[in-house]
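Student: Okay, handing you the structure first.
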There are 2 protein chains.
Amino acid sequence: MRGTSTKSGSRASLAEVADRAGVSISTVSRIVNGIVGRASAETVARVRQAVDELGYRPDRIGRAMRQRQSNVVALLAPNLANPAMSTIAASTEEALRRVGHVMVLCDTHDRADLQDEYLAAMAAQLVRSVIFLGAVASPALRAASEAGEVFLFVNRRNPHDERAPFVGIDNRGAGAAVAAHFLANGHAPLAVIHSDHSSSAVRDRTYGFIDVLTKAGIAPEMLMRLSAPGDDHLDIGYQAAAAIVAAPQRPRAVLCTSDLIAYGAHRLLTEAGLAVPDDVVLVGIDGNPINPWLAPWLSSVVIPYEDYGPVIVDSLERIWAGEDPGERLLPYAFG
Amino acid sequence: MRGTSTKSGSRASLAEVADRAGVSISTVSRIVNGIVGRASAETVARVRQAVDELGYRPDRIGRAMRQRQSNVVALLAPNLANPAMSTIAASTEEALRRVGHVMVLCDTHDRADLQDEYLAAMAAQLVRSVIFLGAVASPALRAASEAGEVFLFVNRRNPHDERAPFVGIDNRGAGAAVAAHFLANGHAPLAVIHSDHSSSAVRDRTYGFIDVLTKAGIAPEMLMRLSAPGDDHLDIGYQAAAAIVAAPQRPRAVLCTSDLIAYGAHRLLTEAGLAVPDDVVLVGIDGNPINPWLAPWLSSVVIPYEDYGPVIVDSLERIWAGEDPGERLLPYAFG
């Protein structure tokens, strides 16, 4: 309860504290929630002084104290039928168990309304932390982020605050590695098939890919950017690949921002009589263990999803210790 | 606390109650745990009388009372990287949430030691119920089953008590349906590739298949039964399929007791220069949604894993009401 006044009946708001301390509401909220990693010592001191002077007593501190007694952590995942998601879920569960916690698993189906429903349900359960595996923008996540609630984001960054604690890979680097590989092999023209760009992972993979090609002097007409509506990556790949078949200058090599997109693209290309990789090279991102068995035609950037659990738990423990775990990037492998 | 004495200091054991009532320890334990569905009214009355006379006061009743206050249900699953398992997990989580419960998920990796570790951990958490999705035989599960603890078993029956509450499909019927399909198409010789036979699902699928063929007069030498060691279905399929390639009379059609086994078998057959289904027909069981995309050569018995959740929760609610939910078989689809 450091920095809080014992005066009763106080009604000072977070905004008044922020105003008095000369910082943003978000900064105040982080500091009163124990996350001081990003703030300077002076800022922290200033905020604590303002809290004391104004007698600010957030409900949140009491709630955080109660939450710290819980050993339940919630994992909100977008699509457990995706093997990457279920592998991360299993790895996280095991790592949490090793530190005496249990994991509650919720499938948001990539829907903002379900994500918000789960977020409210988990808050009511007083879980110790919520992990967003593939967060989508949603009203409740925005409100909680603006109020300074601290969550951990995996794979995709917090769509409402990209500086929030993050575990994933260097997605820009992964896209760039595939572009460099295509250039080294003399493949041209090139294409990228991506899913919803509001995900930081998808956006960074696509930008990393295009950035390398642009800097290498690849002409815009030699680089197709393809997508399709919806959340189903198989269907996105299938729909978007039609433009590859129809292109006057058919792309020789294609980055797909997920393995599932590559599976969908492969099906359409095969139906159109094109051979993978002889006619069109497909490269995915994920490294699904099923690939050597069912998709030997696919190269993929391998992400060590089975290693995520310990890194996720380490980040949570830093949050629980009042630190800012920042971003933790795991190594990927390609080629 | 019905049927228990209020005498203090009592040390009567479950075995003494069973002896006095003339029934098994397991029967006594079920009845004092509130599961009376299978016992006759006389048996229940006899056990309750013995409990009263001997002043038996199981710790378990107190524990069960505490457990009833918990809204946490544990799901112990064997391999979340298998899409069938993660689909059931997601469906169960959603159905539990709708009745105000949260699901804790544990991946046993099909290992008896991990299953026992989780079982102990969940007991310590005082979860309301434990669901075994693909149980394996293990010392703690055996001990708990013999003590009359009531769990719900999904896909595979309790290896220590096959009459325990169960949700799944008619596995014998599924195997029989594939056999009838092969006979109707005049396929011969035939084969089955199965994984570990200690799973009731695998055993029943295999027996149902063989039973139909035997009754149809198929000679034993026209029916290969193949398997391979280990828990990895992909590898089992791959290893076992070598015998198909090497057979003097090569099987024309093969039942694989899971889709993953079929993927492994397909890889070996393809490497051996055989075409699926032109040279060898493969039929799996699962109906993985990825099949039309990556394995269009595969027919599969479709199991409605996404519908399991509500049936699982209905069975749990019957258990919580002191009833025996028995077995609940969901429909499968083939052909």
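Residue numbering restarts at 1 for every chain of the structure tokens, chains are lettered A, B, ... in their displayed order, and ligands are numbered from 1 as they appear.
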Show me a table, sorted first by chain and then by increasing residue number, of the residues of segment 101-204 of chain B having an atom at most 6 Å from segment 72-95 of chain B, each with its shortest atom pair and the distance in Å to one decimal, counting only C-alpha atoms and written as CSV.
Tutor:
residue,atom,partner,partner_atom,distance
B:His101,CA,B:Val72,CA,5.7
B:Val102,CA,B:Val72,CA,5.0
B:Met103,CA,B:Val73,CA,4.9
B:Val104,CA,B:Ala74,CA,4.6
B:Leu105,CA,B:Leu75,CA,5.0
B:Cys106,CA,B:Leu76,CA,4.9
B:Asp107,CA,B:Ala77,CA,5.0
B:Thr108,CA,B:Pro78,CA,4.8
B:His109,CA,B:Pro78,CA,4.7
B:Asp110,CA,B:Pro78,CA,4.5
B:Val127,CA,B:Val72,CA,5.1
B:Arg128,CA,B:Val73,CA,5.5
B:Ser129,CA,B:Val73,CA,5.1
B:Val130,CA,B:Ala74,CA,4.8
B:Ile131,CA,B:Leu75,CA,4.8
B:Phe132,CA,B:Leu76,CA,5.1
B:Leu133,CA,B:Ala77,CA,4.8
B:Gly134,CA,B:Pro78,CA,5.9
Student: Can you spit out the residues from that selection as a PDB file, in the first residue's frame, using N, CA and C atoms?
Tutor:
ATOM      1  N   HIS B 101     -18.491 -22.176 -14.584  1.00  0.00           N
ATOM      2  CA  HIS B 101     -17.272 -22.843 -14.139  1.00  0.00           C
ATOM      3  C   HIS B 101     -16.087 -22.436 -15.006  1.00  0.00           C
ATOM      4  N   VAL B 102     -14.912 -22.585 -14.451  1.00  0.00           N
ATOM      5  CA  VAL B 102     -13.705 -22.365 -15.241  1.00  0.00           C
ATOM      6  C   VAL B 102     -12.955 -23.691 -15.364  1.00  0.00           C
ATOM      7  N   MET B 103     -12.243 -23.814 -16.472  1.00  0.00           N
ATOM      8  CA  MET B 103     -11.538 -25.067 -16.756  1.00  0.00           C
ATOM      9  C   MET B 103     -10.040 -24.867 -16.624  1.00  0.00           C
ATOM     10  N   VAL B 104      -9.424 -25.765 -15.882  1.00  0.00           N
ATOM     11  CA  VAL B 104      -7.967 -25.804 -15.808  1.00  0.00           C
ATOM     12  C   VAL B 104      -7.510 -26.927 -16.730  1.00  0.00           C
ATOM     13  N   LEU B 105      -6.541 -26.622 -17.567  1.00  0.00           N
ATOM     14  CA  LEU B 105      -6.112 -27.582 -18.587  1.00  0.00           C
ATOM     15  C   LEU B 105      -4.720 -28.098 -18.280  1.00  0.00           C
ATOM     16  N   CYS B 106      -4.551 -29.405 -18.350  1.00  0.00           N
ATOM     17  CA  CYS B 106      -3.242 -30.015 -18.098  1.00  0.00           C
ATOM     18  C   CYS B 106      -2.935 -30.992 -19.233  1.00  0.00           C
ATOM     19  N   ASP B 107      -1.726 -30.953 -19.735  1.00  0.00           N
ATOM     20  CA  ASP B 107      -1.310 -31.854 -20.815  1.00  0.00           C
ATOM     21  C   ASP B 107      -0.489 -32.984 -20.201  1.00  0.00           C
ATOM     22  N   THR B 108      -1.024 -34.207 -20.226  1.00  0.00           N
ATOM     23  CA  THR B 108      -0.337 -35.341 -19.601  1.00  0.00           C
ATOM     24  C   THR B 108       0.698 -35.973 -20.522  1.00  0.00           C
ATOM     25  N   HIS B 109       0.711 -35.560 -21.781  1.00  0.00           N
ATOM     26  CA  HIS B 109       1.626 -36.151 -22.771  1.00  0.00           C
ATOM     27  C   HIS B 109       1.515 -37.678 -22.781  1.00  0.00           C
ATOM     28  N   ASP B 110       0.309 -38.176 -22.453  1.00  0.00           N
ATOM     29  CA  ASP B 110       0.063 -39.628 -22.477  1.00  0.00           C
ATOM     30  C   ASP B 110       0.975 -40.379 -21.514  1.00  0.00           C
ATOM     31  N   VAL B 127     -10.353 -29.082  -6.883  1.00  0.00           N
ATOM     32  CA  VAL B 127     -11.205 -28.869  -8.048  1.00  0.00           C
ATOM     33  C   VAL B 127     -12.504 -29.652  -7.861  1.00  0.00           C
ATOM     34  N   ARG B 128     -13.543 -29.179  -8.524  1.00  0.00           N
ATOM     35  CA  ARG B 128     -14.836 -29.831  -8.325  1.00  0.00           C
ATOM     36  C   ARG B 128     -14.876 -31.194  -9.004  1.00  0.00           C
ATOM     37  N   SER B 129     -14.292 -31.298 -10.173  1.00  0.00           N
ATOM     38  CA  SER B 129     -14.240 -32.570 -10.890  1.00  0.00           C
ATOM     39  C   SER B 129     -12.986 -32.623 -11.742  1.00  0.00           C
ATOM     40  N   VAL B 130     -12.568 -33.838 -12.029  1.00  0.00           N
ATOM     41  CA  VAL B 130     -11.469 -34.051 -12.978  1.00  0.00           C
ATOM     42  C   VAL B 130     -12.029 -34.821 -14.167  1.00  0.00           C
ATOM     43  N   ILE B 131     -11.755 -34.301 -15.367  1.00  0.00           N
ATOM     44  CA  ILE B 131     -12.123 -34.983 -16.605  1.00  0.00           C
ATOM     45  C   ILE B 131     -10.851 -35.574 -17.207  1.00  0.00           C
ATOM     46  N   PHE B 132     -10.882 -36.862 -17.505  1.00  0.00           N
ATOM     47  CA  PHE B 132      -9.761 -37.502 -18.181  1.00  0.00           C
ATOM     48  C   PHE B 132     -10.082 -37.622 -19.669  1.00  0.00           C
ATOM     49  N   LEU B 133      -9.363 -36.867 -20.459  1.00  0.00           N
ATOM     50  CA  LEU B 133      -9.514 -36.967 -21.914  1.00  0.00           C
ATOM     51  C   LEU B 133      -8.370 -37.862 -22.392  1.00  0.00           C
ATOM     52  N   GLY B 134      -8.687 -39.154 -22.600  1.00  0.00           N
ATOM     53  CA  GLY B 134      -7.621 -40.075 -22.981  1.00  0.00           C
ATOM     54  C   GLY B 134      -6.788 -40.498 -21.794  1.00  0.00           C
TER      55      GLY B 134
END
Student: Write out as a PyMOL selection string the residues lying within 10 Å of Pro189 of chain A, counting only C-alpha atoms and excluding same-chain residues fewer than 6 positions away.
Tutor: chain A and resi 182+218-224+249-254
Student: Might you pull out every residue within 8 Å of Trp297 of chain A, with only C-alpha atoms counted and same-chain residues fewer than 3 positions away left off, and present them as a list of chain:residue names?
Tutor: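 Counting only C-alpha atoms, the residues come to A:Val276, A:Pro277, A:Leu282.
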Student: Next, the residues of the selection above should be written as a PDB file, in the first residue's frame with N, CA and C atoms.
Tutor:
ATOM      1  N   VAL A 276       4.009 -27.246 -56.559  1.00  0.00           N
ATOM      2  CA  VAL A 276       4.774 -26.590 -55.489  1.00  0.00           C
ATOM      3  C   VAL A 276       5.872 -27.564 -55.053  1.00  0.00           C
ATOM      4  N   PRO A 277       7.151 -27.208 -55.072  1.00  0.00           N
ATOM      5  CA  PRO A 277       7.699 -25.878 -55.351  1.00  0.00           C
ATOM      6  C   PRO A 277       8.167 -25.668 -56.802  1.00  0.00           C
ATOM      7  N   LEU A 282       6.486 -21.926 -52.046  1.00  0.00           N
ATOM      8  CA  LEU A 282       5.740 -21.380 -50.913  1.00  0.00           C
ATOM      9  C   LEU A 282       6.613 -21.466 -49.661  1.00  0.00           C
TER      10      LEU A 282
END
Student: Find, counting only C-alpha atoms, the residue in A:Ser138, A:Ser315, A:Asn171, A:Thr206 that gets nearest to Asp116 of chain A.
Tutor: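 Ranked by minimum distance to Asp116 of chain A, first place goes to A:Ser138.
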Student: Set the distance at 9 Å and use only C-alpha atoms: which residues neighbour Leu330 of chain A once local chain neighbours fewer than 4 positions away are removed? I'd like the list as a list in words.
Tutor: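 Non-adjacent residues within range: Val167, Gly168, Ile169, Asp170, Ile303, Pro304, Asp307, Tyr308 and Val311 of chain A.
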Student: For the residues in that selection, give me N, CA and C atoms as a PDB file, in the first residue's frame.
Tutor:
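Saved the output as again15.pdb:
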ATOM      1  N   VAL A 167       5.921 -11.343 -25.473  1.00  0.00           N
ATOM      2  CA  VAL A 167       6.765 -12.505 -25.766  1.00  0.00           C
ATOM      3  C   VAL A 167       6.444 -12.952 -27.185  1.00  0.00           C
ATOM      4  N   GLY A 168       7.470 -13.134 -27.998  1.00  0.00           N
ATOM      5  CA  GLY A 168       7.246 -13.562 -29.373  1.00  0.00           C
ATOM      6  C   GLY A 168       8.567 -13.684 -30.095  1.00  0.00           C
ATOM      7  N   ILE A 169       8.509 -13.508 -31.402  1.00  0.00           N
ATOM      8  CA  ILE A 169       9.749 -13.503 -32.173  1.00  0.00           C
ATOM      9  C   ILE A 169       9.929 -12.127 -32.802  1.00  0.00           C
ATOM     10  N   ASP A 170      11.075 -11.907 -33.405  1.00  0.00           N
ATOM     11  CA  ASP A 170      11.319 -10.703 -34.193  1.00  0.00           C
ATOM     12  C   ASP A 170      10.636 -10.909 -35.543  1.00  0.00           C
ATOM     13  N   ILE A 303       9.234 -21.482 -35.516  1.00  0.00           N
ATOM     14  CA  ILE A 303       9.132 -20.729 -34.269  1.00  0.00           C
ATOM     15  C   ILE A 303       9.074 -21.741 -33.123  1.00  0.00           C
ATOM     16  N   PRO A 304       9.897 -21.575 -32.089  1.00  0.00           N
ATOM     17  CA  PRO A 304       9.976 -22.584 -31.026  1.00  0.00           C
ATOM     18  C   PRO A 304       8.837 -22.453 -30.021  1.00  0.00           C
ATOM     19  N   ASP A 307       8.923 -23.774 -26.546  1.00  0.00           N
ATOM     20  CA  ASP A 307       9.813 -23.129 -25.567  1.00  0.00           C
ATOM     21  C   ASP A 307       9.204 -21.856 -24.976  1.00  0.00           C
ATOM     22  N   TYR A 308       8.000 -21.499 -25.405  1.00  0.00           N
ATOM     23  CA  TYR A 308       7.420 -20.234 -24.948  1.00  0.00           C
ATOM     24  C   TYR A 308       7.099 -20.241 -23.451  1.00  0.00           C
ATOM     25  N   VAL A 311       9.532 -18.757 -20.818  1.00  0.00           N
ATOM     26  CA  VAL A 311       9.754 -17.321 -21.043  1.00  0.00           C
ATOM     27  C   VAL A 311       8.520 -16.526 -20.615  1.00  0.00           C
TER      28      VAL A 311
END
Student: Could you please determine the separation between atom CA of Ala333 of chain A and atom CA of Glu162 of chain A in Å, to one decimal place?
Tutor: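 Going from atom CA of Ala333 of chain A over to atom CA of Glu162 of chain A covers 24.6 Å.
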Student: Taking the backbone alone, and naming residues the way the document does, which bits of segment 64-255 of chain B are strand (DSSP E) by DSSP, as a PyMOL selection string?
Tutor: chain B and resi 72-77+102-107+129-133+152-154+166-169+190-193+223-226+253-255
Student: Keeping only N, CA and C atoms, take the residues you just selected and write them out as a CSV table (one decimal), in the first residue's frame.
Tutor:
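New file result.csv:
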chain,number,residue,atom,x,y,z
B,72,VAL,N,-14.1,-24.9,-10.2
B,72,VAL,CA,-13.0,-25.2,-11.1
B,72,VAL,C,-13.1,-26.7,-11.5
B,73,VAL,N,-13.0,-26.9,-12.8
B,73,VAL,CA,-12.9,-28.3,-13.3
B,73,VAL,C,-11.6,-28.5,-14.0
B,74,ALA,N,-11.0,-29.6,-13.8
B,74,ALA,CA,-9.7,-29.9,-14.4
B,74,ALA,C,-9.9,-30.8,-15.6
B,75,LEU,N,-9.3,-30.5,-16.7
B,75,LEU,CA,-9.2,-31.4,-17.9
B,75,LEU,C,-7.8,-31.9,-18.1
B,76,LEU,N,-7.6,-33.2,-18.0
B,76,LEU,CA,-6.3,-33.8,-18.2
B,76,LEU,C,-6.3,-34.4,-19.6
B,77,ALA,N,-5.6,-33.8,-20.5
B,77,ALA,CA,-5.6,-34.2,-21.9
B,77,ALA,C,-4.2,-34.8,-22.3
B,102,VAL,N,-14.9,-22.6,-14.5
B,102,VAL,CA,-13.7,-22.4,-15.2
B,102,VAL,C,-13.0,-23.7,-15.4
B,103,MET,N,-12.2,-23.8,-16.5
B,103,MET,CA,-11.5,-25.1,-16.8
B,103,MET,C,-10.0,-24.9,-16.6
B,104,VAL,N,-9.4,-25.8,-15.9
B,104,VAL,CA,-8.0,-25.8,-15.8
B,104,VAL,C,-7.5,-26.9,-16.7
B,105,LEU,N,-6.5,-26.6,-17.6
B,105,LEU,CA,-6.1,-27.6,-18.6
B,105,LEU,C,-4.7,-28.1,-18.3
B,106,CYS,N,-4.6,-29.4,-18.3
B,106,CYS,CA,-3.2,-30.0,-18.1
B,106,CYS,C,-2.9,-31.0,-19.2
B,107,ASP,N,-1.7,-31.0,-19.7
B,107,ASP,CA,-1.3,-31.9,-20.8
B,107,ASP,C,-0.5,-33.0,-20.2
B,129,SER,N,-14.3,-31.3,-10.2
B,129,SER,CA,-14.2,-32.6,-10.9
B,129,SER,C,-13.0,-32.6,-11.7
B,130,VAL,N,-12.6,-33.8,-12.0
B,130,VAL,CA,-11.5,-34.1,-13.0
B,130,VAL,C,-12.0,-34.8,-14.2
B,131,ILE,N,-11.8,-34.3,-15.4
B,131,ILE,CA,-12.1,-35.0,-16.6
B,131,ILE,C,-10.9,-35.6,-17.2
B,132,PHE,N,-10.9,-36.9,-17.5
B,132,PHE,CA,-9.8,-37.5,-18.2
B,132,PHE,C,-10.1,-37.6,-19.7
B,133,LEU,N,-9.4,-36.9,-20.5
B,133,LEU,CA,-9.5,-37.0,-21.9
B,133,LEU,C,-8.4,-37.9,-22.4
B,152,LEU,N,-14.9,-38.2,-14.8
B,152,LEU,CA,-15.5,-38.4,-16.1
B,152,LEU,C,-14.4,-38.7,-17.1
B,153,PHE,N,-14.7,-39.7,-18.0
B,153,PHE,CA,-13.7,-40.2,-18.9
B,153,PHE,C,-14.2,-39.9,-20.4
B,154,VAL,N,-13.3,-39.3,-21.2
B,154,VAL,CA,-13.7,-38.9,-22.5
B,154,VAL,C,-12.8,-39.6,-23.5
B,166,PHE,N,-18.6,-42.0,-19.0
B,166,PHE,CA,-17.9,-41.9,-20.2
B,166,PHE,C,-18.6,-41.1,-21.3
B,167,VAL,N,-17.8,-40.3,-22.0
B,167,VAL,CA,-18.3,-39.6,-23.2
B,167,VAL,C,-17.4,-39.9,-24.4
B,168,GLY,N,-18.0,-40.3,-25.5
B,168,GLY,CA,-17.2,-40.7,-26.6
B,168,GLY,C,-18.1,-41.1,-27.8
B,169,ILE,N,-17.6,-41.9,-28.6
B,169,ILE,CA,-18.4,-42.5,-29.7
B,169,ILE,C,-18.5,-44.0,-29.5
B,190,LEU,N,-7.1,-56.9,-46.7
B,190,LEU,CA,-7.3,-55.7,-45.8
B,190,LEU,C,-6.3,-55.7,-44.7
B,191,ALA,N,-6.2,-54.5,-44.1
B,191,ALA,CA,-5.3,-54.3,-42.9
B,191,ALA,C,-5.8,-53.3,-42.0
B,192,VAL,N,-5.4,-53.3,-40.7
B,192,VAL,CA,-5.7,-52.3,-39.8
B,192,VAL,C,-4.3,-51.9,-39.1
B,193,ILE,N,-4.1,-50.6,-39.0
B,193,ILE,CA,-2.9,-50.1,-38.3
B,193,ILE,C,-3.5,-49.4,-37.0
B,223,LEU,N,-6.1,-60.6,-43.8
B,223,LEU,CA,-6.3,-59.4,-42.9
B,223,LEU,C,-5.1,-59.2,-42.0
B,224,MET,N,-4.3,-58.2,-42.3
B,224,MET,CA,-3.1,-57.9,-41.5
B,224,MET,C,-3.5,-57.0,-40.3
B,225,ARG,N,-2.9,-57.3,-39.2
B,225,ARG,CA,-3.0,-56.4,-38.0
B,225,ARG,C,-1.7,-55.8,-37.7
B,226,LEU,N,-1.5,-54.5,-37.8
B,226,LEU,CA,-0.2,-53.9,-37.7
B,226,LEU,C,-0.2,-52.8,-36.6
B,253,ALA,N,-6.8,-52.1,-48.9
B,253,ALA,CA,-7.4,-51.0,-48.1
B,253,ALA,C,-7.0,-51.2,-46.6
B,254,VAL,N,-6.8,-50.0,-45.9
B,254,VAL,CA,-6.3,-50.1,-44.6
B,254,VAL,C,-7.1,-49.1,-43.7
B,255,LEU,N,-7.6,-49.7,-42.6
B,255,LEU,CA,-8.1,-48.8,-41.5
B,255,LEU,C,-7.0,-48.4,-40.6
Student: Please, which residues of segment 54-284 of chain A, numbered as in this document, come out alpha helix (DSSP H) from DSSP, as a count of residues only?
Tutor: 104
Student: Rounded to one decimal place, report the atom CA of Ile244 of chain B-atom CA of Arg203 of chain B distance in Å.
Tutor: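 We find that atom CA of Ile244 of chain B and atom CA of Arg203 of chain B lie 20.7 Å from each other.
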Student: Just want the 9 Å neighbourhood of Ile236 of chain A, counted on only C-alpha atoms, with same-chain residues fewer than 4 positions away dropped. Output as a ChimeraX atom specification.
Tutor: /A:193-195,227-232,240-241,260-261,264-265
Student: Produce a file of the selected residues containing C-alpha atoms, as a short mmCIF file (atom, residue, chain, number, x, y, z; two decimals), in the first residue's frame.
Tutor:
data_model
loop_
_atom_site.label_atom_id
_atom_site.label_comp_id
_atom_site.auth_asym_id
_atom_site.auth_seq_id
_atom_site.Cartn_x
_atom_site.Cartn_y
_atom_site.Cartn_z
CA ILE A 193 -0.10 -13.51 -48.72
CA HIS A 194 -1.01 -12.13 -45.33
CA SER A 195 -3.95 -12.29 -42.96
CA SER A 227 -4.91 -11.03 -48.73
CA ALA A 228 -8.56 -12.01 -48.35
CA PRO A 229 -11.25 -11.24 -45.78
CA GLY A 230 -12.02 -13.37 -42.75
CA ASP A 231 -10.19 -15.07 -39.88
CA ASP A 232 -9.74 -18.51 -41.43
CA ALA A 240 -5.68 -15.00 -52.23
CA ALA A 241 -3.78 -17.55 -54.32
CA LEU A 260 -2.16 -22.43 -42.52
CA ILE A 261 -2.22 -19.73 -45.21
CA GLY A 264 -4.73 -22.95 -48.39
CA ALA A 265 -2.61 -21.44 -51.15
#
Student: Val283 of chain A: which residues within 9 Å, counting only C-alpha atoms, same-chain residues fewer than 3 positions away excluded, as number ranges by chain?
Tutor: A: 178, 253-259, 262, 298-301
Student: Write out the residues from the selection above, keeping C-alpha atoms, as an mmCIF file, in the first residue's frame.
Tutor:
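Listing of again-v8.cif after writing:
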data_model
loop_
_atom_site.group_PDB
_atom_site.id
_atom_site.type_symbol
_atom_site.label_atom_id
_atom_site.label_comp_id
_atom_site.auth_asym_id
_atom_site.auth_seq_id
_atom_site.Cartn_x
_atom_site.Cartn_y
_atom_site.Cartn_z
ATOM 1 C CA VAL A 178 12.508 -14.962 -46.229
ATOM 2 C CA ALA A 253 7.968 -17.480 -54.807
ATOM 3 C CA VAL A 254 5.445 -16.521 -52.131
ATOM 4 C CA LEU A 255 5.766 -15.721 -48.438
ATOM 5 C CA CYS A 256 2.692 -16.810 -46.486
ATOM 6 C CA THR A 257 2.510 -15.183 -43.056
ATOM 7 C CA SER A 258 1.358 -18.483 -41.489
ATOM 8 C CA ASP A 259 1.640 -22.162 -42.378
ATOM 9 C CA ALA A 262 0.361 -21.734 -47.146
ATOM 10 C CA LEU A 298 6.567 -26.361 -47.732
ATOM 11 C CA SER A 299 9.544 -24.477 -46.306
ATOM 12 C CA SER A 300 8.739 -22.640 -43.105
ATOM 13 C CA VAL A 301 10.264 -20.292 -40.579
#
Student: Do a neighbour search on segment 209-216 of chain B at 6 Å with only C-alpha atoms, toss out local chain neighbours closer than 3 positions, and write the hits as a list in words.
Tutor: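 Selected residues are Gly175, Ala176, Ala179 and Thr206 of chain B.
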Student: Interatomic distance between atom CA of Ser70 of chain A and atom CA of Ala124 of chain A?
Tutor: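 A separation of 12.0 Å between them.
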Student: Taking only C-alpha atoms into account, name the residue in A:Gly309, A:Gly273, A:Pro292, A:Pro159 that is nearest to chain B.
Tutor: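 For chain B, the nearest of the given residues is A:Pro292.
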